[in-house]
Structure formats: structure tokens, C-alpha cells
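Shown here: data-v3.csv, CSV, C-alpha atoms.
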```csv
chain,number,residue,atom,x,y,z
A,1,MET,CA,85.3,149.5,119.4
A,2,ASN,CA,87.4,146.8,121.1
A,3,ALA,CA,90.1,148.6,122.9
A,4,GLN,CA,92.2,145.5,123.2
A,5,LEU,CA,92.4,145.0,119.5
A,6,GLN,CA,93.4,148.6,118.8
A,7,PRO,CA,97.2,148.4,119.2
A,8,ALA,CA,97.4,145.4,116.9
A,9,ALA,CA,95.3,147.1,114.3
A,10,MET,CA,97.6,150.1,114.5
A,11,ASP,CA,100.6,147.8,113.9
A,12,ARG,CA,99.0,146.4,110.9
A,13,ALA,CA,98.3,149.8,109.5
A,14,ASP,CA,102.0,150.9,109.7
A,15,PRO,CA,104.2,148.1,108.4
A,16,LEU,CA,107.8,148.5,107.3
A,17,VAL,CA,107.9,147.4,103.7
A,18,ILE,CA,111.2,146.3,102.2
A,19,ALA,CA,111.5,144.9,98.7
A,20,GLY,CA,107.7,144.3,98.7
A,21,ARG,CA,107.6,142.4,102.0
A,22,ALA,CA,105.8,143.9,105.1
A,23,TYR,CA,107.3,143.7,108.6
A,24,ARG,CA,105.6,144.8,111.8
A,25,SER,CA,109.0,145.3,113.6
A,26,ARG,CA,111.1,148.3,112.7
A,27,LEU,CA,114.1,147.1,114.8
A,28,LEU,CA,116.6,145.1,112.8
A,29,THR,CA,119.3,143.3,114.8
A,30,GLY,CA,122.7,141.9,114.2
A,31,THR,CA,123.7,138.6,115.6
A,32,GLY,CA,127.4,139.2,116.4
A,33,LYS,CA,129.3,139.6,119.7
A,34,TYR,CA,126.9,137.5,121.9
A,35,LYS,CA,128.1,135.2,124.6
A,36,ASP,CA,126.6,132.2,122.9
A,37,LEU,CA,123.8,131.2,120.5
A,38,ASP,CA,121.2,131.0,123.3
A,39,GLU,CA,121.9,134.6,124.3
A,40,THR,CA,121.6,135.5,120.6
A,41,ARG,CA,118.2,133.9,120.4
A,42,ARG,CA,116.9,135.4,123.6
A,43,ALA,CA,118.0,138.9,122.7
A,44,THR,CA,116.6,138.6,119.2
A,45,GLU,CA,113.3,137.5,120.5
A,46,ALA,CA,113.2,140.3,123.1
A,47,ALA,CA,114.0,142.8,120.4
A,48,GLY,CA,111.0,141.5,118.4
A,49,ALA,CA,113.3,141.6,115.3
A,50,GLN,CA,112.1,140.0,112.1
A,51,ILE,CA,115.1,140.9,110.0
A,52,VAL,CA,118.5,139.7,111.4
A,53,THR,CA,121.9,140.2,109.9
A,54,VAL,CA,124.5,137.4,109.6
A,55,ALA,CA,128.1,137.3,108.4
A,56,ILE,CA,129.4,134.9,105.8
A,57,ARG,CA,132.7,133.3,106.8
A,58,ARG,CA,134.8,130.2,106.1
A,59,THR,CA,133.9,127.1,108.1
A,60,ASN,CA,136.4,125.9,110.6
A,61,ILE,CA,137.5,122.7,108.8
A,62,GLY,CA,138.0,119.9,111.4
A,63,GLN,CA,136.6,121.9,114.3
A,64,ASN,CA,133.2,122.3,116.0
A,65,ARG,CA,131.6,119.8,113.6
A,66,ASN,CA,128.7,119.2,115.9
A,67,GLU,CA,128.2,122.7,117.2
A,68,PRO,CA,124.8,124.2,116.6
A,69,ASN,CA,124.7,126.5,113.6
A,70,LEU,CA,123.3,130.1,113.8
A,71,LEU,CA,120.7,129.3,111.3
A,72,ASP,CA,119.5,126.3,113.4
A,73,VAL,CA,118.8,128.8,116.2
A,74,LEU,CA,117.4,131.7,114.0
A,75,SER,CA,115.6,129.8,111.3
A,76,PRO,CA,115.2,131.3,107.9
A,77,GLN,CA,111.6,130.1,108.1
A,78,THR,CA,111.0,132.4,111.1
A,79,TYR,CA,113.3,135.3,110.3
A,80,THR,CA,114.3,137.2,107.2
A,81,ILE,CA,118.0,136.5,107.1
A,82,LEU,CA,120.1,139.5,106.0
A,83,PRO,CA,123.6,138.4,105.0
A,84,ASN,CA,126.1,141.2,105.2
A,85,THR,CA,129.4,141.9,103.5
A,86,ALA,CA,131.1,143.0,106.7
A,87,GLY,CA,134.9,142.9,106.4
A,88,CYS,CA,134.9,143.6,102.7
A,89,TYR,CA,137.1,146.4,101.6
A,90,THR,CA,136.5,146.2,97.8
A,91,ALA,CA,133.5,146.0,95.6
A,92,GLU,CA,134.8,142.8,94.2
A,93,ASP,CA,134.9,141.1,97.6
A,94,ALA,CA,131.5,142.4,98.5
A,95,VAL,CA,129.9,141.0,95.3
A,96,ARG,CA,131.6,137.7,95.8
A,97,THR,CA,130.3,137.4,99.4
A,98,CYS,CA,126.8,138.2,98.2
A,99,ARG,CA,126.9,135.5,95.6
A,100,LEU,CA,128.0,133.0,98.3
A,101,ALA,CA,125.2,134.2,100.6
A,102,ARG,CA,122.6,133.7,97.8
A,103,GLU,CA,123.8,130.2,97.3
A,104,LEU,CA,123.9,129.5,101.0
A,105,LEU,CA,120.3,130.8,101.5
A,106,ASP,CA,118.8,129.0,98.5
A,107,GLY,CA,118.5,131.9,96.1
A,108,HIS,CA,117.5,134.5,98.7
A,109,ALA,CA,118.3,137.8,97.1
A,110,LEU,CA,118.2,140.3,100.0
A,111,VAL,CA,121.6,141.4,101.2
A,112,LYS,CA,123.2,144.1,103.3
A,113,LEU,CA,126.0,145.7,101.3
A,114,GLU,CA,128.8,147.3,103.3
A,115,VAL,CA,132.2,148.1,101.8
A,116,LEU,CA,134.5,149.5,104.4
A,117,GLY,CA,137.2,152.0,103.7
A,118,ASP,CA,139.3,152.2,106.8
A,119,GLN,CA,139.9,149.9,109.8
A,120,LYS,CA,140.0,152.6,112.4
A,121,THR,CA,136.7,154.2,111.6
A,122,LEU,CA,135.0,151.4,109.6
A,123,PHE,CA,133.5,154.2,107.6
A,124,PRO,CA,132.1,153.0,104.3
A,125,ASP,CA,134.2,153.4,101.1
A,126,VAL,CA,131.5,155.2,99.1
A,127,VAL,CA,133.2,154.8,95.8
A,128,HIS,CA,133.4,151.0,96.1
A,129,THR,CA,129.9,150.9,97.7
A,130,LEU,CA,128.4,152.6,94.6
A,131,LYS,CA,130.3,150.2,92.3
A,132,ALA,CA,129.2,147.1,94.2
A,133,ALA,CA,125.6,148.3,94.4
A,134,GLU,CA,125.4,148.7,90.7
A,135,ALA,CA,126.9,145.3,90.1
A,136,LEU,CA,124.5,143.6,92.6
A,137,VAL,CA,121.4,145.3,91.3
A,138,ALA,CA,122.4,144.2,87.8
A,139,GLU,CA,122.5,140.6,89.2
A,140,LYS,CA,119.0,141.0,90.7
A,141,PHE,CA,120.1,141.2,94.3
A,142,GLN,CA,117.8,143.3,96.6
A,143,VAL,CA,120.4,145.6,98.2
A,144,MET,CA,120.1,147.2,101.6
A,145,VAL,CA,123.1,149.5,101.6
A,146,TYR,CA,125.1,150.7,104.5
A,147,THR,CA,126.4,154.2,103.7
A,148,SER,CA,127.7,157.5,105.2
A,149,ASP,CA,125.2,160.1,106.3
A,150,ASP,CA,125.6,162.0,103.0
A,151,PRO,CA,122.2,163.0,101.5
A,152,ILE,CA,123.5,163.1,97.9
A,153,LEU,CA,125.1,159.7,98.1
A,154,ALA,CA,122.0,158.3,99.7
A,155,LYS,CA,120.0,159.5,96.8
A,156,ARG,CA,122.5,158.1,94.3
A,157,LEU,CA,122.2,154.7,95.9
A,158,GLU,CA,118.4,154.9,95.7
A,159,GLU,CA,118.6,155.8,92.0
A,160,ILE,CA,120.9,152.8,91.4
A,161,GLY,CA,118.0,150.6,92.7
A,162,CYS,CA,118.9,149.8,96.3
A,163,VAL,CA,115.8,148.7,98.2
A,164,ALA,CA,116.8,150.5,101.4
A,165,VAL,CA,119.4,153.1,102.3
A,166,MET,CA,121.1,152.7,105.6
A,167,PRO,CA,123.1,155.7,106.8
A,168,LEU,CA,125.3,155.4,109.8
A,169,ALA,CA,124.4,157.4,113.0
A,170,ALA,CA,128.1,157.2,114.1
A,171,PRO,CA,130.9,154.7,113.5
A,172,ILE,CA,130.1,151.0,113.8
A,173,GLY,CA,130.2,149.9,117.5
A,174,SER,CA,130.9,153.4,118.7
A,175,GLY,CA,127.7,153.9,120.6
A,176,LEU,CA,127.9,157.7,120.0
A,177,GLY,CA,124.3,158.1,118.7
A,178,ILE,CA,123.2,160.2,115.8
A,179,GLN,CA,126.0,162.7,115.1
A,180,ASN,CA,124.3,164.6,112.3
A,181,ARG,CA,120.6,164.6,112.7
A,182,TRP,CA,120.1,167.3,110.0
A,183,ASN,CA,121.8,165.0,107.4
A,184,ILE,CA,119.6,162.1,108.5
A,185,LEU,CA,116.5,164.3,108.3
A,186,GLU,CA,117.6,165.4,104.8
A,187,ILE,CA,118.1,161.8,103.7
A,188,VAL,CA,114.6,160.8,105.1
A,189,GLU,CA,112.8,163.8,103.5
A,190,ASN,CA,114.3,163.0,100.0
A,191,ALA,CA,114.0,159.2,100.1
A,192,ASN,CA,111.5,157.1,98.2
A,193,VAL,CA,112.8,153.9,99.7
A,194,PRO,CA,113.1,153.0,103.5
A,195,VAL,CA,115.8,154.7,105.4
A,196,ILE,CA,117.2,152.7,108.2
A,197,VAL,CA,119.8,154.1,110.6
A,198,ASP,CA,122.5,151.4,110.7
A,199,ALA,CA,125.4,151.6,113.2
A,200,GLY,CA,126.4,153.9,116.0
A,201,VAL,CA,123.4,153.7,118.3
A,202,GLY,CA,124.4,153.4,121.9
A,203,THR,CA,121.2,153.4,124.0
A,204,ALA,CA,117.5,153.6,123.7
A,205,SER,CA,117.2,157.3,123.3
A,206,ASP,CA,119.4,157.2,120.2
A,207,ALA,CA,117.1,154.8,118.6
A,208,ALA,CA,114.0,156.9,119.6
A,209,ILE,CA,115.7,160.0,118.0
A,210,ALA,CA,116.3,158.1,114.7
A,211,MET,CA,112.6,157.1,114.6
A,212,GLU,CA,111.4,160.6,115.6
A,213,LEU,CA,113.3,162.0,112.7
A,214,GLY,CA,111.2,159.8,110.4
A,215,CYS,CA,113.6,157.0,109.8
A,216,ASP,CA,111.8,153.8,108.8
A,217,GLY,CA,113.8,151.6,111.1
A,218,VAL,CA,117.0,151.1,113.1
A,219,LEU,CA,119.6,148.4,112.7
A,220,MET,CA,121.9,147.7,115.6
A,221,ASN,CA,124.1,145.0,117.1
A,222,THR,CA,126.8,146.2,119.6
A,223,ALA,CA,124.3,148.4,121.5
A,224,ILE,CA,122.4,145.3,122.5
A,225,ALA,CA,125.1,142.6,122.4
A,226,GLY,CA,127.6,144.7,124.3
A,227,ALA,CA,125.2,145.8,127.1
A,228,LYS,CA,125.6,144.3,130.5
A,229,ASP,CA,122.2,142.7,130.1
A,230,PRO,CA,121.6,142.2,126.4
A,231,VAL,CA,118.1,140.8,126.7
A,232,LEU,CA,116.9,143.7,128.8
A,233,MET,CA,118.6,146.2,126.4
A,234,ALA,CA,116.9,144.4,123.5
A,235,THR,CA,113.5,145.0,125.2
A,236,ALA,CA,114.4,148.6,125.8
A,237,MET,CA,115.4,149.1,122.2
A,238,ARG,CA,112.2,147.6,121.0
A,239,LYS,CA,110.2,150.0,123.1
A,240,ALA,CA,112.4,152.9,122.0
A,241,VAL,CA,111.8,152.2,118.3
A,242,GLU,CA,108.1,151.8,118.8
A,243,ALA,CA,107.9,155.0,120.9
A,244,GLY,CA,109.9,157.0,118.4
A,245,ARG,CA,107.8,155.8,115.6
A,246,GLY,CA,104.6,156.6,117.5
A,247,ALA,CA,105.9,160.2,118.2
A,248,PHE,CA,106.9,160.7,114.6
A,249,ARG,CA,103.5,159.6,113.4
A,250,ALA,CA,101.7,161.6,116.0
A,251,GLY,CA,103.5,164.8,115.0
A,252,ARG,CA,105.4,166.6,117.7
A,253,ILE,CA,104.6,170.1,118.9
A,254,PRO,CA,106.9,172.9,117.6
A,255,ARG,CA,109.7,174.0,119.8
A,256,LYS,CA,109.2,177.5,121.3
A,257,ARG,CA,111.5,179.5,123.4
A,258,TYR,CA,109.0,180.7,126.0
A,259,ALA,CA,106.2,179.0,128.0
A,260,SER,CA,102.6,178.5,127.1
A,261,ALA,CA,100.4,177.5,130.0
A,262,SER,CA,98.7,174.1,130.1
A,263,SER,CA,95.9,175.2,132.4
A,264,PRO,CA,93.3,177.7,131.3
A,265,ILE,CA,94.1,181.3,132.3
A,266,ASP,CA,90.4,182.3,132.7
A,267,GLY,CA,88.7,181.8,136.1
A,268,THR,CA,91.8,181.9,138.2
A,269,ILE,CA,91.0,183.1,141.8
A,270,GLY,CA,92.0,186.4,143.3
B,1,MET,CA,147.6,112.6,95.3
B,2,TYR,CA,146.2,116.0,94.4
B,3,THR,CA,146.9,119.0,96.5
B,4,ILE,CA,144.0,121.4,96.9
B,5,VAL,CA,143.7,124.6,99.0
B,6,LEU,CA,140.6,124.3,101.3
B,7,ASN,CA,139.7,127.5,103.1
B,8,GLY,CA,143.2,128.8,102.7
B,9,GLN,CA,144.9,125.6,103.9
B,10,PRO,CA,146.7,123.1,101.7
B,11,ARG,CA,145.2,119.6,101.8
B,12,ALA,CA,145.8,116.3,100.1
B,13,CYS,CA,142.9,114.9,98.0
B,14,ALA,CA,142.7,111.5,96.2
B,15,PRO,CA,142.2,111.9,92.4
B,16,GLY,CA,138.6,111.3,91.3
B,17,ARG,CA,136.9,112.6,94.4
B,18,THR,CA,133.8,114.6,94.0
B,19,LEU,CA,132.9,117.8,95.9
B,20,ARG,CA,130.2,115.8,97.7
B,21,GLN,CA,132.7,113.3,98.9
B,22,LEU,CA,135.0,116.1,100.2
B,23,LEU,CA,132.0,117.6,102.0
B,24,ASP,CA,131.3,114.2,103.6
B,25,GLU,CA,134.9,113.9,104.6
B,26,THR,CA,135.0,117.2,106.3
B,27,GLY,CA,131.6,116.8,107.9
B,28,TYR,CA,129.8,119.5,106.0
B,29,ALA,CA,127.6,117.4,103.7
B,30,GLN,CA,124.5,117.9,105.9
B,31,ARG,CA,125.2,121.4,106.9
B,32,ARG,CA,124.0,124.7,105.5
B,33,VAL,CA,127.1,125.8,103.6
B,34,ALA,CA,128.0,127.4,100.2
B,35,VAL,CA,130.9,126.3,98.1
B,36,GLU,CA,133.1,128.2,95.7
B,37,ILE,CA,135.8,126.5,93.6
B,38,ASN,CA,138.3,128.8,91.9
B,39,ARG,CA,136.0,131.7,92.6
B,40,GLU,CA,133.0,130.1,90.9
B,41,ILE,CA,130.0,129.2,93.0
B,42,VAL,CA,129.2,125.5,92.7
B,43,PRO,CA,125.4,125.1,93.3
B,44,LYS,CA,124.2,122.4,95.7
B,45,SER,CA,122.6,120.6,92.8
B,46,GLN,CA,126.1,120.0,91.3
B,47,HIS,CA,127.9,118.9,94.4
B,48,THR,CA,127.6,115.1,93.6
B,49,GLN,CA,128.9,115.5,90.0
B,50,ARG,CA,131.6,118.1,90.4
B,51,GLU,CA,135.0,116.5,90.5
B,52,ILE,CA,137.9,118.0,92.4
B,53,HIS,CA,141.0,118.8,90.3
B,54,ASP,CA,144.6,119.2,91.3
B,55,GLY,CA,145.3,122.7,92.5
B,56,ASP,CA,141.6,123.6,93.1
B,57,ARG,CA,141.1,126.4,95.5
B,58,ILE,CA,137.9,125.6,97.4
B,59,GLU,CA,136.0,127.8,99.9
B,60,ILE,CA,133.3,126.4,102.1
B,61,VAL,CA,131.4,129.1,103.9
B,62,ASN,CA,128.6,129.3,106.4
B,63,ALA,CA,126.6,132.0,108.2
B,64,ILE,CA,127.8,133.2,111.6
B,65,GLY,CA,126.9,136.0,114.0
B,66,GLY,CA,127.5,139.4,112.6
B,67,GLY,CA,126.1,142.9,112.4
```
Turn the structure described in the file into C-alpha cells.
Amino acid sequence: MNAQLQPAAMDRADPLVIAGRAYRSRLLTGTGKYKDLDETRRATEAAGAQIVTVAIRRTNIGQNRNEPNLLDVLSPQTYTILPNTAGCYTAEDAVRTCRLARELLDGHALVKLEVLGDQKTLFPDVVHTLKAAEALVAEKFQVMVYTSDDPILAKRLEEIGCVAVMPLAAPIGSGLGIQNRWNILEIVENANVPVIVDAGVGTASDAAIAMELGCDGVLMNTAIAGAKDPVLMATAMRKAVEAGRGAFRAGRIPRKRYASASSPIDGTIG
Amino acid sequence: MYTIVLNGQPRACAPGRTLRQLLDETGYAQRRVAVEINREIVPKSQHTQREIHDGDRIEIVNAIGGG
């Protein structure tokens, strides 16, 4: 066996499949809050991300006409662009944003649906999220949906036809890490579509825990972009997601209260 | 002159202008943008034919960094 080829072969054996497309990276990254587009590019490359989220916003008429565009730096030929509905507080606005995104990206149907309920927590408005998800699925969008860590709701969103369910670990940008790992575990165990923890990750161990719980991927932005060294943090997050996935697949030992010796007991001297 | 609302701002527009001409004027004709007029998407293939009418509310959007 060629030992050098083994890791690559393992990667190929364990792809993340979303809406019928296979990805080798399980770390999805946002593109907001970076210092400039060059930092965005370097961090995205260090993260090894293949799916990147973008926001849809009005152009600044009469300004920055010759400034490079995000999609010149992160080309849709190289990356799967995941337009989000960030900033939408109603189902109607979210659907409208997705339609604009589909036109912008030449018919690309994959979207990240988020309908927010409250400016302080940025928690999802689950009623509007359900409504928007139904409308978007009916319009043949492939919906990756940001939601609360409620297992029942996650199941409903899957039943509607969302292609991935993305529960929060903690509020967006909070860096608090997974607050309710039992709920995340419940969502993972019941799901027939990929479960991606979206929002609330603060550092590498948070991402590893999400993956050890059996999540299919992690989506983050602030944890990388807000770090003192975003490129180094992107690398750390890539490793954490890979390590967590490996540990999940390997199957951890059960937790026990008391010790069990690692060295044989037989043949000790004296 | 017509008055339109472009990305939330009132703007004068000569009668008979097409959407493509408006995009040329604002510098977005060669850029990756999507356009909505009065809440209806106008596909790229229709930009050259679509005439601007008085009072049209036009949104020109693009992709920017976001999470």
C-alpha cells in the first residue's frame, strides 16, 4: 500500500454531499468582516473552504466603480457561492433576496436561508423561516437553512425539503461555542440531510466538538475574520474540523468514572 | 424628465432610456449585478429591451462579504 496516497483516499471516501454535489471540505466559511478582499481570499484558502457565503446588497451607485468585486476574488468557477439572506426579518424579504441571488449567479439555486427575529440576539424567526423555506422549495431553490437548535423544528425543515439543516451553536458572532450539545446530537441522530453547525463558534475546539457530535460540517465567519490573525485561525479551524470528523468516524471510547490501566498488569516486578 | 428611484435614491432619467443604458451610465453594465424593477426581477437577457418608465423603483444589487 502506498502510505502517501492513503490520506487522499480517505478524503475521497468521506465527502460532504449537499444537493447531490460532493465536497471534500467540511468547513464552510463566510466572507464578511475581513480587512480587505486579499485577506478574505487568503483566509478562505487557508480554511480550505469550498463553499463560501456571500451577502446580497445594493450597489453603491457612483462610488467604488473600479473596486474589485468579491466574486472576482472568490470566483464561482472555483467556489460554490452560497448567497445568504442575512438582514432579512420577514419571509417575503428572504424570498426576494434569494430570487435576486439566483439572477445574480446565473440560475444557481443553492441558498442559505436565514430569517432573523430580533436584532439583539439575531436568533432566527422560526415561523418566518418555515414559511420562507416552503416558498423557496416550491420555487426549486436548494435551501440550506439557518435555524435554532430545536430538534423538532430541524426535522420540520428537512420534511419541507431543505437540502441541509444548519442549527446555531450560539448567537451569531458570539463566539460562545456549542451551548446545547444534547440538542445538536438529537438533531444529528434524526437527520437524513446534512447537519451543519452555523454560527456561534469561537475557537478551534468548538468546531471539533461540533464534528465529534457527528455534524456534517461547520459554517463560520466571525471566529476566523475577527481573530487577531485570521489566516492562522482559518488553518486552525480547518485542522479542527478534520480532527473532529476523524474522531467521530473512529468512534471514541466510552467515558468512565474510574481508571483503567494502559499497561499490562501481568508481569510487574516485586 | 422621468424621476425614478434607484437603490432608494431619487434620480432623473431621460424618457426612452433602456435598463442597459442606465447600467452603462452608472458603470454597472459589465459588472456582476442583478436588477429588480418594481419588485420584479429583470433577467440579464432583457436588459437591452427593457425601457425605464417614470416612477420605476429600481434595485441594482451585487454580492459582498457576508456570513
Worksheet item: For Glu36 in chain B, which residue among B:Asp56, B:Gln21, B:Gly65, B:Met1 is the nearest when counting all atoms listed in the file?
Response: B:Asp56
Practice prompt. Identify every residue of chain A that has at least one atom within 10 Å of any atom of chain B, counting only C-alpha atoms, and report the result as a PyMOL selection string.
Written response: chain A and resi 28-34+36-37+40+52-66+69-72+81-86+96-97+99-106+112+172-173+198-199+219-222
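For the set A:Leu74, A:Ala109, A:Val115, A:Met211, the residue with the smallest atom-to-atom gap to Gly87 in chain A is A:Val115, counting all atoms listed in the file.
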Discussion item. If we draw a sphere of 12 Å around (121.9, 145.8, 92.1), which residues have at least one atom in it when counting all atoms listed in the file? Please report them as a PyMOL selection string.
Written reply: chain A and resi 95+98-99+109-113+129-145+157-164
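Minimum distance to Ile187 in chain A across A:Asp149, A:Asp93, A:Asp14, A:Asp206 (counting only C-alpha atoms) occurs at A:Asp149.
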Tell me which residues come within 9 Å of (111.0, 144.6, 103.1), as a PDB file with C-alpha atoms, in the coordinates of the input, counting all atoms listed in the file in the file's coordinates.
```
ATOM      1  CA  LEU A  16     107.800 148.500 107.300  1.00  0.00           C
ATOM      2  CA  VAL A  17     107.900 147.400 103.700  1.00  0.00           C
ATOM      3  CA  ILE A  18     111.200 146.300 102.200  1.00  0.00           C
ATOM      4  CA  ALA A  19     111.500 144.900  98.700  1.00  0.00           C
ATOM      5  CA  GLY A  20     107.700 144.300  98.700  1.00  0.00           C
ATOM      6  CA  ARG A  21     107.600 142.400 102.000  1.00  0.00           C
ATOM      7  CA  ALA A  22     105.800 143.900 105.100  1.00  0.00           C
ATOM      8  CA  TYR A  23     107.300 143.700 108.600  1.00  0.00           C
ATOM      9  CA  ILE A  51     115.100 140.900 110.000  1.00  0.00           C
ATOM     10  CA  LEU A 110     118.200 140.300 100.000  1.00  0.00           C
ATOM     11  CA  VAL A 163     115.800 148.700  98.200  1.00  0.00           C
ATOM     12  CA  ALA A 164     116.800 150.500 101.400  1.00  0.00           C
ATOM     13  CA  PRO A 194     113.100 153.000 103.500  1.00  0.00           C
TER      14      PRO A 194
END
```
Response to the item:
Of A:Tyr146, A:Glu39, A:Met237, A:Asp266, the one sitting nearest Phe123 in chain A when using all atoms listed in the file is A:Tyr146
Worksheet item: What is the CA of Ala94 in chain A to CA of Glu114 in chain A distance in Å?
Response: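 Between CA of Ala94 in chain A and CA of Glu114 in chain A the gap is 7.4 Å.
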Item to complete: Would you mind reading off the distance between CA of Ser262 in chain A and CA of Ala250 in chain A, one decimal, in Å?
Response: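 Separation between CA of Ser262 in chain A and CA of Ala250 in chain A: 19.1 Å.
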Worksheet item: By how many Å are CA of Val127 in chain A and CA of Leu168 in chain A apart?
Response: 16.1 Å
